[in-house]
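The file final_20.txt comes next; it holds compact mmCIF, C-alpha atoms and all ligand atoms.
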# COMPACT_ATOMS: atom_id res chain seq x y z
CA MET A 83 78.84 90.66 155.41
CA GLY A 84 80.50 87.27 154.87
CA LYS A 85 84.06 86.18 155.56
CA TYR A 86 86.84 83.91 154.36
CA VAL A 87 88.53 81.54 156.76
CA ILE A 88 92.04 80.64 155.62
CA THR A 89 94.50 78.14 157.08
CA GLY A 90 97.92 79.29 155.98
CA GLY A 91 101.07 77.41 155.15
CA SER A 92 100.20 75.40 152.02
CA ARG A 93 102.48 75.72 149.02
CA LEU A 94 100.21 76.48 146.05
CA SER A 95 100.67 74.46 142.87
CA GLY A 96 98.69 73.62 139.75
CA GLU A 97 96.74 75.59 137.15
CA VAL A 98 94.55 78.67 137.49
CA PRO A 99 92.21 79.66 134.64
CA ILE A 100 91.91 83.45 134.40
CA SER A 101 88.46 84.98 133.81
CA GLY A 102 87.39 87.88 131.62
CA ALA A 103 88.46 91.29 132.93
CA LYS A 104 86.09 93.14 135.24
CA ASN A 105 87.40 96.50 134.07
CA ALA A 106 86.85 95.54 130.42
CA VAL A 107 83.37 94.07 130.71
CA LEU A 108 81.90 97.03 132.65
CA PRO A 109 82.50 99.68 129.92
CA VAL A 110 81.41 97.20 127.23
CA LEU A 111 78.14 96.67 129.15
CA ALA A 112 77.77 100.45 129.44
CA ALA A 113 77.91 100.64 125.62
CA LEU A 114 74.84 98.41 125.18
CA PRO A 115 72.24 101.25 125.18
CA LEU A 116 73.92 102.39 121.92
CA LEU A 117 73.25 99.08 120.15
CA LYS A 118 70.02 97.31 119.13
CA GLU A 119 71.64 93.94 119.83
CA ALA A 120 74.99 92.61 120.97
CA SER A 121 76.61 89.49 122.28
CA ILE A 122 79.50 89.45 124.76
CA CYS A 123 81.51 86.35 125.60
CA ASN A 124 84.07 85.51 128.29
CA VAL A 125 82.02 87.51 130.79
CA PRO A 126 83.15 86.90 134.40
CA PHE A 127 80.49 86.12 137.00
CA LEU A 128 81.01 88.98 139.48
CA SER A 129 78.74 91.07 141.67
CA ASP A 130 79.76 94.23 139.74
CA VAL A 131 78.56 92.54 136.53
CA ALA A 132 75.28 91.49 138.20
CA ASN A 133 74.76 95.08 139.40
CA THR A 134 75.45 96.47 135.92
CA ILE A 135 72.96 94.02 134.42
CA GLU A 136 70.39 95.28 136.94
CA ILE A 137 71.04 98.84 135.73
CA LEU A 138 70.68 97.76 132.09
CA GLU A 139 67.39 95.94 132.71
CA ASN A 140 66.12 98.88 134.70
CA ILE A 141 66.74 101.33 131.85
CA GLY A 142 65.23 99.10 129.15
CA VAL A 143 68.01 96.81 127.85
CA LYS A 144 66.91 93.16 127.86
CA ILE A 145 69.71 90.83 128.93
CA THR A 146 69.92 87.06 128.58
CA THR A 147 72.80 85.13 130.10
CA GLU A 148 74.04 81.69 129.14
CA GLY A 149 77.21 80.60 130.93
CA SER A 150 79.80 83.28 130.25
CA VAL A 151 77.86 84.76 127.30
CA ILE A 152 75.56 87.75 127.59
CA ARG A 153 73.15 88.82 124.84
CA SER A 154 71.40 92.16 124.80
CA GLU A 155 68.39 93.64 123.06
CA THR A 156 67.78 97.32 123.49
CA GLY A 157 64.23 98.67 123.43
CA ILE A 158 63.15 102.17 124.42
CA VAL A 159 65.74 103.38 126.89
CA ARG A 160 64.77 105.25 130.08
CA PRO A 161 67.90 107.35 130.71
CA VAL A 162 67.68 107.40 134.50
CA ILE A 163 69.84 105.51 137.01
CA ASP A 164 68.51 105.78 140.54
CA ASN A 165 70.63 106.09 143.65
CA SER A 166 69.80 102.53 144.78
CA LEU A 167 71.67 101.22 141.69
CA SER A 168 74.38 103.82 141.07
CA CYS A 169 75.56 103.79 144.69
CA LYS A 170 76.77 100.20 144.33
CA MET A 171 79.45 100.89 141.72
CA ARG A 172 81.63 103.71 140.54
CA SER A 173 81.44 102.48 136.95
CA SER A 174 77.74 103.47 136.82
CA VAL A 175 79.13 106.90 135.82
CA LEU A 176 80.08 105.34 132.45
CA PHE A 177 76.41 105.33 131.51
CA LEU A 178 76.58 109.12 131.32
CA GLY A 179 78.25 109.03 127.90
CA SER A 180 76.21 106.21 126.42
CA LEU A 181 72.81 107.43 127.70
CA LEU A 182 73.47 110.99 126.56
CA SER A 183 74.39 109.71 123.13
CA ALA A 184 71.51 107.22 122.89
CA CYS A 185 68.73 109.36 124.40
CA GLY A 186 69.91 112.97 124.35
CA GLU A 187 69.66 113.05 128.12
CA ALA A 188 70.90 111.22 131.22
CA GLU A 189 70.16 111.39 134.92
CA ILE A 190 72.50 109.51 137.25
CA SER A 191 72.81 109.71 141.01
CA TYR A 192 76.40 110.22 142.13
CA PRO A 193 78.20 106.86 141.86
CA GLY A 194 79.55 104.69 144.68
CA GLY A 195 82.39 102.14 144.48
CA CYS A 196 85.38 101.08 146.58
CA ALA A 197 86.40 103.64 149.21
CA LEU A 198 89.83 104.56 147.87
CA GLY A 199 89.78 108.17 149.07
CA ALA A 200 88.33 111.09 147.16
CA ARG A 201 87.04 109.80 143.83
CA PRO A 202 85.56 112.85 142.17
CA VAL A 203 83.59 112.80 138.90
CA ASP A 204 84.52 116.37 137.95
CA MET A 205 86.41 115.32 134.81
CA HIS A 206 83.49 113.17 133.61
CA ILE A 207 81.20 116.19 133.94
CA TRP A 208 83.75 118.53 132.31
CA ALA A 209 84.13 116.11 129.38
CA MET A 210 80.37 115.92 128.75
CA LYS A 211 80.19 119.74 128.87
CA MET A 212 83.04 119.95 126.33
CA LEU A 213 81.01 117.69 124.03
CA GLY A 214 78.10 120.12 124.24
CA ALA A 215 75.97 118.78 127.08
CA LYS A 216 74.10 121.06 129.47
CA ILE A 217 74.66 119.82 133.00
CA ASN A 218 73.03 120.33 136.36
CA THR A 219 74.35 118.64 139.49
CA ASP A 220 71.84 119.61 142.19
CA ASP A 221 70.54 117.11 144.81
CA ASN A 222 73.42 114.65 144.36
CA VAL A 223 72.14 113.84 140.87
CA ILE A 224 73.98 114.49 137.59
CA ARG A 225 71.47 115.65 134.95
CA CYS A 226 72.79 116.08 131.38
CA GLU A 227 71.09 117.07 128.17
CA ALA A 228 72.24 117.40 124.56
CA LYS A 229 70.15 116.86 121.42
CA ARG A 230 73.26 115.58 119.64
CA LEU A 231 76.73 115.74 121.14
CA LYS A 232 79.38 117.54 119.11
CA GLY A 233 82.98 116.37 118.66
CA ALA A 234 85.67 118.41 120.46
CA ASN A 235 89.35 118.39 121.36
CA LEU A 236 89.83 117.31 124.97
CA HIS A 237 93.12 117.31 126.83
CA LEU A 238 92.75 115.30 130.03
CA PRO A 239 94.45 116.89 133.05
CA ILE A 240 94.87 113.38 134.54
CA GLN A 241 95.11 110.13 132.56
CA SER A 242 91.78 108.75 133.72
CA VAL A 243 90.54 105.34 132.58
CA GLY A 244 86.87 106.06 133.23
CA VAL A 245 86.90 109.54 131.68
CA THR A 246 88.64 108.23 128.55
CA GLU A 247 85.95 105.52 128.26
CA ASN A 248 83.09 107.95 128.90
CA ILE A 249 84.30 110.29 126.16
CA ILE A 250 84.59 107.36 123.74
CA LEU A 251 81.06 106.19 124.58
CA ALA A 252 79.67 109.72 124.23
CA SER A 253 81.44 110.63 121.01
CA ALA A 254 81.22 107.39 118.97
CA MET A 255 77.97 108.72 117.47
CA ALA A 256 78.53 112.45 118.00
CA GLU A 257 78.56 115.00 115.19
CA GLY A 258 82.15 115.47 113.97
CA THR A 259 85.48 114.36 115.33
CA THR A 260 86.69 114.10 118.93
CA ILE A 261 90.33 113.99 119.94
CA ILE A 262 91.38 112.86 123.42
CA ASP A 263 94.89 113.95 124.39
CA ASN A 264 96.62 112.46 127.42
CA ALA A 265 94.18 109.55 127.10
CA ALA A 266 94.59 106.50 129.32
CA ARG A 267 96.13 103.52 127.52
CA GLU A 268 94.79 100.54 129.48
CA PRO A 269 94.09 97.35 127.46
CA GLU A 270 90.50 97.46 128.76
CA ILE A 271 89.99 100.73 126.85
CA CYS A 272 91.28 99.01 123.70
CA ASN A 273 88.77 96.17 124.27
CA LEU A 274 85.96 98.77 124.32
CA CYS A 275 87.27 100.55 121.19
CA ASP A 276 87.75 97.28 119.27
CA PHE A 277 84.17 96.33 120.16
CA LEU A 278 82.75 99.70 119.04
CA ASN A 279 84.81 99.58 115.82
CA MET A 280 83.39 96.12 115.06
CA CYS A 281 79.95 97.75 115.49
CA GLY A 282 80.85 100.38 112.87
CA ALA A 283 82.48 103.13 114.96
CA ASP A 284 85.56 104.93 113.64
CA ILE A 285 88.07 105.05 116.50
CA THR A 286 91.84 105.13 116.05
CA GLY A 287 94.83 105.62 118.33
CA HIS A 288 93.48 103.61 121.29
CA GLY A 289 96.39 102.20 123.26
CA THR A 290 98.22 105.52 122.75
CA LYS A 291 97.86 108.86 124.52
CA ARG A 292 95.94 110.36 121.54
CA ILE A 293 92.62 108.79 120.57
CA LYS A 294 90.63 110.03 117.58
CA ILE A 295 86.91 109.30 117.33
CA LYS A 296 85.07 110.21 114.14
CA GLY A 297 81.37 110.22 114.96
CA VAL A 298 79.19 107.85 112.89
CA SER A 299 75.42 108.05 112.48
CA GLU A 300 74.68 104.52 113.65
CA LEU A 301 76.21 101.40 115.16
CA HIS A 302 75.20 97.89 114.17
CA PRO A 303 74.87 94.67 116.20
CA CYS A 304 77.96 92.57 116.76
CA SER A 305 79.77 90.36 119.26
CA VAL A 306 82.90 90.77 121.34
CA ALA A 307 85.14 88.68 123.60
CA ILE A 308 86.26 90.20 126.89
CA ILE A 309 90.04 90.21 127.36
CA PRO A 310 91.61 88.20 130.22
CA ASP A 311 91.80 89.91 133.60
CA ARG A 312 95.43 91.01 134.06
CA ILE A 313 94.78 92.05 137.67
CA GLU A 314 93.34 88.65 138.56
CA ALA A 315 96.32 86.99 136.84
CA ALA A 316 98.74 89.21 138.79
CA THR A 317 96.96 88.32 142.04
CA TYR A 318 97.44 84.58 141.47
CA MET A 319 101.07 85.07 140.44
CA ILE A 320 101.66 86.91 143.72
CA MET A 321 99.90 84.12 145.61
CA ALA A 322 102.40 81.66 144.12
CA ALA A 323 105.30 83.98 145.04
CA ALA A 324 104.02 84.40 148.61
CA THR A 325 103.63 80.67 149.28
CA GLY A 326 106.84 79.42 147.64
CA GLY A 327 104.54 77.86 145.06
CA GLU A 328 104.49 76.94 141.41
CA LEU A 329 101.55 77.84 139.16
CA PHE A 330 100.49 77.80 135.54
CA ILE A 331 98.35 80.89 134.97
CA LYS A 332 96.14 80.01 131.99
CA ASN A 333 94.18 82.12 129.44
CA VAL A 334 96.22 85.30 129.88
CA ASN A 335 97.41 87.90 127.41
CA THR A 336 101.14 87.84 128.18
CA ASP A 337 101.63 91.28 126.57
CA HIS A 338 99.45 92.79 129.31
CA MET A 339 101.53 91.12 132.03
CA ARG A 340 104.98 92.55 131.17
CA VAL A 341 105.37 94.88 134.15
CA ILE A 342 104.13 92.24 136.62
CA CYS A 343 106.46 89.55 135.21
CA ALA A 344 109.42 91.97 135.33
CA MET A 345 108.61 92.92 138.92
CA LEU A 346 108.22 89.35 140.14
CA ARG A 347 111.45 88.25 138.42
CA LYS A 348 113.22 90.77 140.68
CA THR A 349 111.97 88.82 143.71
CA GLY A 350 113.79 85.67 142.55
CA CYS A 351 110.79 83.95 140.95
CA ILE A 352 111.34 82.02 137.73
CA ILE A 353 108.77 83.11 135.18
CA LYS A 354 108.23 81.59 131.74
CA GLU A 355 105.83 82.97 129.19
CA TYR A 356 104.07 80.72 126.72
CA ASN A 357 101.21 81.40 124.34
CA LYS A 358 98.38 82.50 126.70
CA THR A 359 100.05 80.86 129.73
CA ILE A 360 102.50 82.09 132.34
CA TYR A 361 104.46 79.68 134.51
CA ILE A 362 105.76 80.97 137.83
CA GLU A 363 108.00 79.13 140.28
CA ALA A 364 108.86 80.86 143.53
CA PRO A 365 111.86 80.37 145.81
CA GLN A 366 111.25 79.46 149.46
CA ARG A 367 111.62 83.10 150.48
CA ILE A 368 111.55 85.93 147.96
CA TYR A 369 113.73 89.06 147.84
CA SER A 370 112.21 92.47 148.42
CA ILE A 371 111.90 95.00 145.60
CA PRO A 372 113.52 98.24 146.86
CA TYR A 373 111.08 100.65 145.19
CA ILE A 374 107.66 100.18 143.62
CA SER A 375 105.58 103.07 142.36
CA THR A 376 102.08 102.94 140.83
CA ALA A 377 101.20 104.71 137.58
CA PRO A 378 98.75 104.37 134.67
CA TYR A 379 99.30 101.54 132.15
CA PRO A 380 101.80 100.35 130.96
CA TYR A 381 103.42 100.95 134.36
CA PHE A 382 102.80 99.22 137.68
CA PRO A 383 99.01 99.20 138.34
CA THR A 384 97.45 100.68 141.45
CA ASP A 385 95.11 97.67 141.39
CA VAL A 386 98.07 95.43 142.30
CA GLN A 387 99.58 97.70 144.96
CA PRO A 388 97.84 96.01 147.95
CA GLN A 389 98.77 92.50 146.74
CA ILE A 390 102.44 93.40 146.21
CA MET A 391 102.49 94.98 149.68
CA ALA A 392 101.28 91.69 151.16
CA LEU A 393 104.08 89.95 149.26
CA MET A 394 106.76 92.41 150.36
CA SER A 395 105.72 91.98 153.99
CA THR A 396 107.51 88.59 154.16
CA ALA A 397 110.33 89.31 151.66
CA GLN A 398 114.03 89.43 152.60
CA GLY A 399 114.75 93.14 153.03
CA GLN A 400 112.99 96.46 152.85
CA SER A 401 110.66 97.86 150.22
CA VAL A 402 109.23 101.32 149.63
CA ILE A 403 105.87 101.34 147.86
CA LYS A 404 104.45 104.60 146.53
CA GLU A 405 100.75 104.92 145.65
CA ASN A 406 100.28 107.67 143.07
CA ILE A 407 96.70 107.17 141.88
CA PHE A 408 94.38 106.94 144.90
CA SER A 409 94.80 108.87 148.14
CA GLY A 410 92.84 106.36 150.24
CA ARG A 411 94.39 103.08 149.12
CA TYR A 412 96.31 102.26 152.31
CA LYS A 413 93.99 100.59 154.84
CA HIS A 414 95.27 97.08 154.00
CA GLY A 415 98.63 98.20 155.47
CA ASP A 416 97.09 98.46 158.94
CA GLU A 417 95.37 95.09 158.49
CA LEU A 418 98.65 93.43 157.41
CA ASN A 419 100.29 94.87 160.53
CA LYS A 420 97.65 93.05 162.61
CA MET A 421 99.14 89.87 161.11
CA GLY A 422 102.65 90.76 162.27
CA ALA A 423 103.84 92.69 159.20
CA ASP A 424 106.19 95.64 159.69
CA ILE A 425 104.71 98.37 157.50
CA THR A 426 105.07 102.09 158.17
CA ILE A 427 102.47 104.20 156.39
CA LYS A 428 103.52 107.78 155.65
CA ASP A 429 101.03 110.41 154.42
CA ASN A 430 98.70 107.54 153.34
CA ARG A 431 100.66 107.26 150.07
CA THR A 432 104.08 105.84 150.97
CA PHE A 433 104.58 102.47 152.62
CA ILE A 434 107.86 101.21 154.03
CA THR A 435 107.75 97.45 154.38
CA THR A 436 110.42 95.53 156.27
CA GLY A 437 109.99 91.85 155.51
CA VAL A 438 109.32 89.57 158.48
CA ARG A 439 110.07 85.80 158.47
CA SER A 440 106.41 84.90 158.76
CA LEU A 441 102.99 86.47 159.22
CA VAL A 442 100.60 85.10 161.82
CA GLY A 443 96.91 84.45 161.34
CA ALA A 444 94.54 87.16 162.64
CA ASN A 445 91.03 88.55 162.32
CA VAL A 446 91.29 91.23 159.61
CA ASN A 447 88.97 93.41 157.54
CA ALA A 448 88.84 93.94 153.79
CA TRP A 449 88.04 97.61 153.15
CA ASP A 450 88.01 97.35 149.37
CA LEU A 451 88.35 94.81 146.56
CA ARG A 452 92.13 94.64 146.07
CA GLY A 453 92.85 95.18 149.76
CA GLY A 454 90.75 92.06 150.35
CA ALA A 455 92.84 90.14 147.80
CA ALA A 456 96.00 91.25 149.64
CA LEU A 457 94.66 89.85 152.91
CA ILE A 458 93.83 86.51 151.26
CA ILE A 459 97.44 86.34 150.00
CA ALA A 460 98.70 87.15 153.50
CA GLY A 461 96.39 84.54 155.04
CA LEU A 462 97.61 81.85 152.65
CA CYS A 463 101.25 82.32 153.67
CA ALA A 464 100.67 83.10 157.39
CA GLU A 465 101.05 80.67 160.26
CA GLY A 466 97.66 79.57 161.62
CA ILE A 467 94.16 80.76 160.81
CA THR A 468 93.21 84.09 159.26
CA VAL A 469 89.67 85.41 159.05
CA VAL A 470 89.13 88.02 156.30
CA ASN A 471 85.88 89.88 156.91
CA ASN A 472 83.77 91.62 154.23
CA LYS A 473 84.29 89.04 151.51
CA GLU A 474 81.68 90.85 149.38
CA TYR A 475 84.36 93.37 148.36
CA VAL A 476 86.45 90.55 146.92
CA GLU A 477 83.47 89.09 145.05
CA ARG A 478 83.05 92.41 143.22
CA GLY A 479 86.10 91.60 141.14
CA TYR A 480 87.22 87.97 141.50
CA GLU A 481 85.30 85.12 139.91
CA SER A 482 85.03 81.97 142.08
CA PRO A 483 88.07 82.80 144.25
CA VAL A 484 87.36 80.01 146.76
CA SER A 485 87.21 77.19 144.20
CA LYS A 486 90.16 78.56 142.22
CA ILE A 487 92.33 78.77 145.36
CA ARG A 488 91.24 75.36 146.67
CA ASN A 489 92.05 73.78 143.30
CA ILE A 490 95.68 74.84 143.69
CA GLY A 491 95.96 73.59 147.26
CA GLY A 492 95.00 76.68 149.28
CA LYS A 493 92.95 76.08 152.42
CA ILE A 494 90.16 78.64 152.24
CA ARG A 495 86.43 78.52 152.85
CA ALA A 496 83.70 81.13 152.68
CA LEU A 497 81.27 81.67 155.55
C1 LIG A 501 89.59 102.54 136.85
C2 LIG A 501 89.44 101.11 137.28
C3 LIG A 501 90.06 100.90 138.65
C4 LIG A 501 91.50 101.37 138.64
C5 LIG A 501 91.61 102.80 138.10
C6 LIG A 501 93.05 103.26 137.91
C7 LIG A 501 87.38 100.41 136.22
C8 LIG A 501 85.97 100.00 136.36
N1 LIG A 501 88.03 100.78 137.33
O1 LIG A 501 88.89 103.34 137.78
O2 LIG A 501 90.02 99.51 138.95
O3 LIG A 501 92.00 101.35 139.94
O4 LIG A 501 90.97 102.90 136.82
O5 LIG A 501 93.73 102.36 137.10
O6 LIG A 501 87.95 100.37 135.14
N2 LIG A 501 89.79 111.46 138.79
C9 LIG A 501 89.41 112.76 139.05
N3 LIG A 501 88.24 113.21 138.51
C10 LIG A 501 87.42 112.43 137.74
C11 LIG A 501 87.83 111.09 137.50
C12 LIG A 501 89.01 110.63 138.02
O7 LIG A 501 90.12 113.50 139.73
O8 LIG A 501 86.38 112.88 137.30
C13 LIG A 501 91.06 110.95 139.37
C14 LIG A 501 90.86 109.81 140.36
O9 LIG A 501 90.48 110.27 141.64
C15 LIG A 501 92.22 109.15 140.34
C16 LIG A 501 92.67 109.33 138.88
O10 LIG A 501 91.83 110.36 138.34
O11 LIG A 501 93.09 109.82 141.19
C17 LIG A 501 92.58 108.11 138.01
O12 LIG A 501 91.34 107.49 138.23
P1 LIG A 501 90.56 106.80 137.05
O13 LIG A 501 91.54 106.31 136.03
O14 LIG A 501 89.48 107.69 136.58
O15 LIG A 501 89.91 105.55 137.79
P2 LIG A 501 88.54 104.86 137.43
O16 LIG A 501 88.24 104.99 135.99
O17 LIG A 501 87.51 105.27 138.43
Have the structure of the file written as structure tokens, please.
Amino acid sequence: MGKYVITGGSRLSGEVPISGAKNAVLPVLAALPLLKEASICNVPFLSDVANTIEILENIGVKITTEGSVIRSETGIVRPVIDNSLSCKMRSSVLFLGSLLSACGEAEISYPGGCALGARPVDMHIWAMKMLGAKINTDDNVIRCEAKRLKGANLHLPIQSVGVTENIILASAMAEGTTIIDNAAREPEICNLCDFLNMCGADITGHGTKRIKIKGVSELHPCSVAIIPDRIEAATYMIMAAATGGELFIKNVNTDHMRVICAMLRKTGCIIKEYNKTIYIEAPQRIYSIPYISTAPYPYFPTDVQPQIMALMSTAQGQSVIKENIFSGRYKHGDELNKMGADITIKDNRTFITTGVRSLVGANVNAWDLRGGAALIIAGLCAEGITVVNNKEYVERGYESPVSKIRNIGGKIRAL
């Protein structure tokens, strides 16, 4: 595994261009077996994207890449994803819906992904059963079969992003109408629905808790642009806040950034929103936010919880952060404490952060993607040198982090 070496203390300033969203491109790529041809632009260059392309090529979808554009041509699809590929990414489970719909069968080894605690796939399996699939889950492999899926009414017990997307992928060409109640409302789901609608699907209500999908008999080729990555944008805004910096965050959808802007304004940062750009100017030392709690969109995202914890660790005052989505998203707290932070972790879900004047450089470990981003933020504002091990986690979801950070004055190199 590689590492980042960071020399802290530089005030970040300048412009950061935001890439296409990881969590939007992955479900769009999973839709490709349903389409003879497609073209996707604003694709970020990430290891999760490279792994998904490997899955696509392995099952019979030909991919050509030119800069940030991907074109696909689908031949005869082999609906099997082996363990060697599915173990690399949790989003491989999204192929369940599209392969079942495209081929009438799917065989996927249980998916991997960031270790954020128990990440079951029970709701994905339940949803496919509700749409008429026969399922067998022996030998750590999910085997599904359905000649043609049938529309159904599904009420999700938890607002799950992946399950909402899987149902959409499975039912776009199913017989009849599917209703998803308590659907997740993330913008990335809307990106997928807009894409499928441009291909001839009949999906309404995306962006609300009730999505209606009228099955169509075929989808036609088309192109789509991936939306900007709101989590990447939030990460750079927090970097500015942590270093007393001043940044222009370019190519963002400001509507998707409301909760982050509101939160960072509470810390004393000046934030201005322009068309597709956010300007952030941080005071020398920010104020703490007394209570932060994660929840599905449009509320504060779990994917920004580690980064905001890094920020709160040097704020003036105390902050309580509550993680409500993932039971195992806490290990970055221990790593931040190695850098001199004062974070008490209760029941692995509640973090009490008392801001210290300054963090000190240390040798720390990224245990997952966003935890790694939090440690980079901490390293940039700490005194001395920080080594963040396991940089591969960060590369799963951030495009060119080293060059983007260096361009705004951060001292970071990859080894
Ligand atoms: C997606 C995002 C991830 C983000 C998460 C929550 C992608 C590729 N990943 O992950 O970055 O952190 O949404 O915003 O888009 N659950 C079950 N059973 C299931 C499925 C989920 O119990 O079958 C639970 C999960 O353990 C979790 C909750 O539902 O507690 C929400 O997770 P979910 O929205 O499904 O996350 P992902 O789609 O995996």
Excluding region 117-121 of chain A and its own-chain neighbours fewer than 3 positions away, which residues fall within 6 Å of it when counting all atoms listed in the file? Please give them as a list of chain:residue names.
A:Leu114, A:Ile152, A:Arg153, A:Ser154, A:Glu155, A:Thr156, A:Pro303, A:Cys304, A:Ser305
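With all atoms listed in the file as the atoms that count, the residue of A:Thr286, A:Thr376, A:Ser183, A:Thr336 with the shortest distance to ligand LIG 501 (chain A) is A:Thr376.
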Selection: 12 Å around Ile250 (chain A), only C-alpha atoms, excl. self and same-chain fewer than 3 positions, as JSON, numbers by chain
{"A": [109, 110, 112, 113, 116, 176, 177, 178, 179, 180, 183, 206, 209, 210, 213, 231, 233, 234, 236, 243, 244, 245, 246, 247, 253, 254, 255, 256, 259, 260, 261, 262, 265, 266, 271, 272, 273, 274, 275, 276, 277, 278, 279, 283, 284, 285, 286, 287, 288, 292, 293, 294, 295, 296, 297]}
Separation of CA of Val402 (chain A) from CA of Val438 (chain A), in Å and rounded to one decimal
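So the two atoms, CA of Val402 (chain A) and CA of Val438 (chain A), lie 14.7 Å apart.
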Contacts of ligand LIG 501 (chain A), 9 Å or closer, only C-alpha atoms and all ligand atoms, given as a PDB file with C-alpha atoms, keeping the file's coordinate frame:
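Wrote it out as result09.pdb, contents follow:
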ATOM      1  CA  LYS A 104      86.090  93.140 135.240  1.00  0.00           C
ATOM      2  CA  ASN A 105      87.400  96.500 134.070  1.00  0.00           C
ATOM      3  CA  ALA A 106      86.850  95.540 130.420  1.00  0.00           C
ATOM      4  CA  VAL A 107      83.370  94.070 130.710  1.00  0.00           C
ATOM      5  CA  LEU A 108      81.900  97.030 132.650  1.00  0.00           C
ATOM      6  CA  PRO A 109      82.500  99.680 129.920  1.00  0.00           C
ATOM      7  CA  MET A 171      79.450 100.890 141.720  1.00  0.00           C
ATOM      8  CA  ARG A 172      81.630 103.710 140.540  1.00  0.00           C
ATOM      9  CA  SER A 173      81.440 102.480 136.950  1.00  0.00           C
ATOM     10  CA  SER A 174      77.740 103.470 136.820  1.00  0.00           C
ATOM     11  CA  VAL A 175      79.130 106.900 135.820  1.00  0.00           C
ATOM     12  CA  LEU A 176      80.080 105.340 132.450  1.00  0.00           C
ATOM     13  CA  GLY A 195      82.390 102.140 144.480  1.00  0.00           C
ATOM     14  CA  LEU A 198      89.830 104.560 147.870  1.00  0.00           C
ATOM     15  CA  GLY A 199      89.780 108.170 149.070  1.00  0.00           C
ATOM     16  CA  ALA A 200      88.330 111.090 147.160  1.00  0.00           C
ATOM     17  CA  ARG A 201      87.040 109.800 143.830  1.00  0.00           C
ATOM     18  CA  PRO A 202      85.560 112.850 142.170  1.00  0.00           C
ATOM     19  CA  VAL A 203      83.590 112.800 138.900  1.00  0.00           C
ATOM     20  CA  ASP A 204      84.520 116.370 137.950  1.00  0.00           C
ATOM     21  CA  MET A 205      86.410 115.320 134.810  1.00  0.00           C
ATOM     22  CA  HIS A 206      83.490 113.170 133.610  1.00  0.00           C
ATOM     23  CA  ILE A 207      81.200 116.190 133.940  1.00  0.00           C
ATOM     24  CA  TRP A 208      83.750 118.530 132.310  1.00  0.00           C
ATOM     25  CA  ALA A 209      84.130 116.110 129.380  1.00  0.00           C
ATOM     26  CA  PRO A 239      94.450 116.890 133.050  1.00  0.00           C
ATOM     27  CA  ILE A 240      94.870 113.380 134.540  1.00  0.00           C
ATOM     28  CA  GLN A 241      95.110 110.130 132.560  1.00  0.00           C
ATOM     29  CA  SER A 242      91.780 108.750 133.720  1.00  0.00           C
ATOM     30  CA  VAL A 243      90.540 105.340 132.580  1.00  0.00           C
ATOM     31  CA  GLY A 244      86.870 106.060 133.230  1.00  0.00           C
ATOM     32  CA  VAL A 245      86.900 109.540 131.680  1.00  0.00           C
ATOM     33  CA  THR A 246      88.640 108.230 128.550  1.00  0.00           C
ATOM     34  CA  GLU A 247      85.950 105.520 128.260  1.00  0.00           C
ATOM     35  CA  ALA A 266      94.590 106.500 129.320  1.00  0.00           C
ATOM     36  CA  GLU A 268      94.790 100.540 129.480  1.00  0.00           C
ATOM     37  CA  GLU A 270      90.500  97.460 128.760  1.00  0.00           C
ATOM     38  CA  ILE A 271      89.990 100.730 126.850  1.00  0.00           C
ATOM     39  CA  ILE A 313      94.780  92.050 137.670  1.00  0.00           C
ATOM     40  CA  ALA A 377     101.200 104.710 137.580  1.00  0.00           C
ATOM     41  CA  PRO A 378      98.750 104.370 134.670  1.00  0.00           C
ATOM     42  CA  TYR A 379      99.300 101.540 132.150  1.00  0.00           C
ATOM     43  CA  PRO A 383      99.010  99.200 138.340  1.00  0.00           C
ATOM     44  CA  THR A 384      97.450 100.680 141.450  1.00  0.00           C
ATOM     45  CA  ASP A 385      95.110  97.670 141.390  1.00  0.00           C
ATOM     46  CA  VAL A 386      98.070  95.430 142.300  1.00  0.00           C
ATOM     47  CA  ASN A 406     100.280 107.670 143.070  1.00  0.00           C
ATOM     48  CA  ILE A 407      96.700 107.170 141.880  1.00  0.00           C
ATOM     49  CA  PHE A 408      94.380 106.940 144.900  1.00  0.00           C
ATOM     50  CA  SER A 409      94.800 108.870 148.140  1.00  0.00           C
ATOM     51  CA  ARG A 452      92.130  94.640 146.070  1.00  0.00           C
TER      52      ARG A 452
END
Give me the residues near Ile425 (chain A) as a PyMOL selection string, where near means some atom within 9 Å (using all atoms listed in the file) and where sequence neighbours in that chain fewer than 2 positions away do not count.
chain A and resi 391+395+415-416+418-419+423+427+433-437
Nearest residue to Pro269 (chain A) out of A:Ala392, A:Ile158, A:Ala103, A:Ala344, using all atoms listed in the file?
A:Ala103
Region 475-491 of chain A environment, 7 Å, only C-alpha atoms, sequence neighbours closer than 4 positions dropped, as a PyMOL selection string
chain A and resi 92+94-98+101+104+126-130+314+450-451+454-455+495
Select, from A:Met280, A:Ile145, A:Ala464, A:Leu138, the residue with the minimum atom-to-atom distance to His302 (chain A), counting all atoms listed in the file.
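When distances to His302 (chain A) are compared using all atoms listed in the file, the smallest one comes from A:Met280.
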Have a look at CA of Thr317 (chain A) and CA of Ile353 (chain A) and let me know their distance in Å, one decimal.
14.6 Å
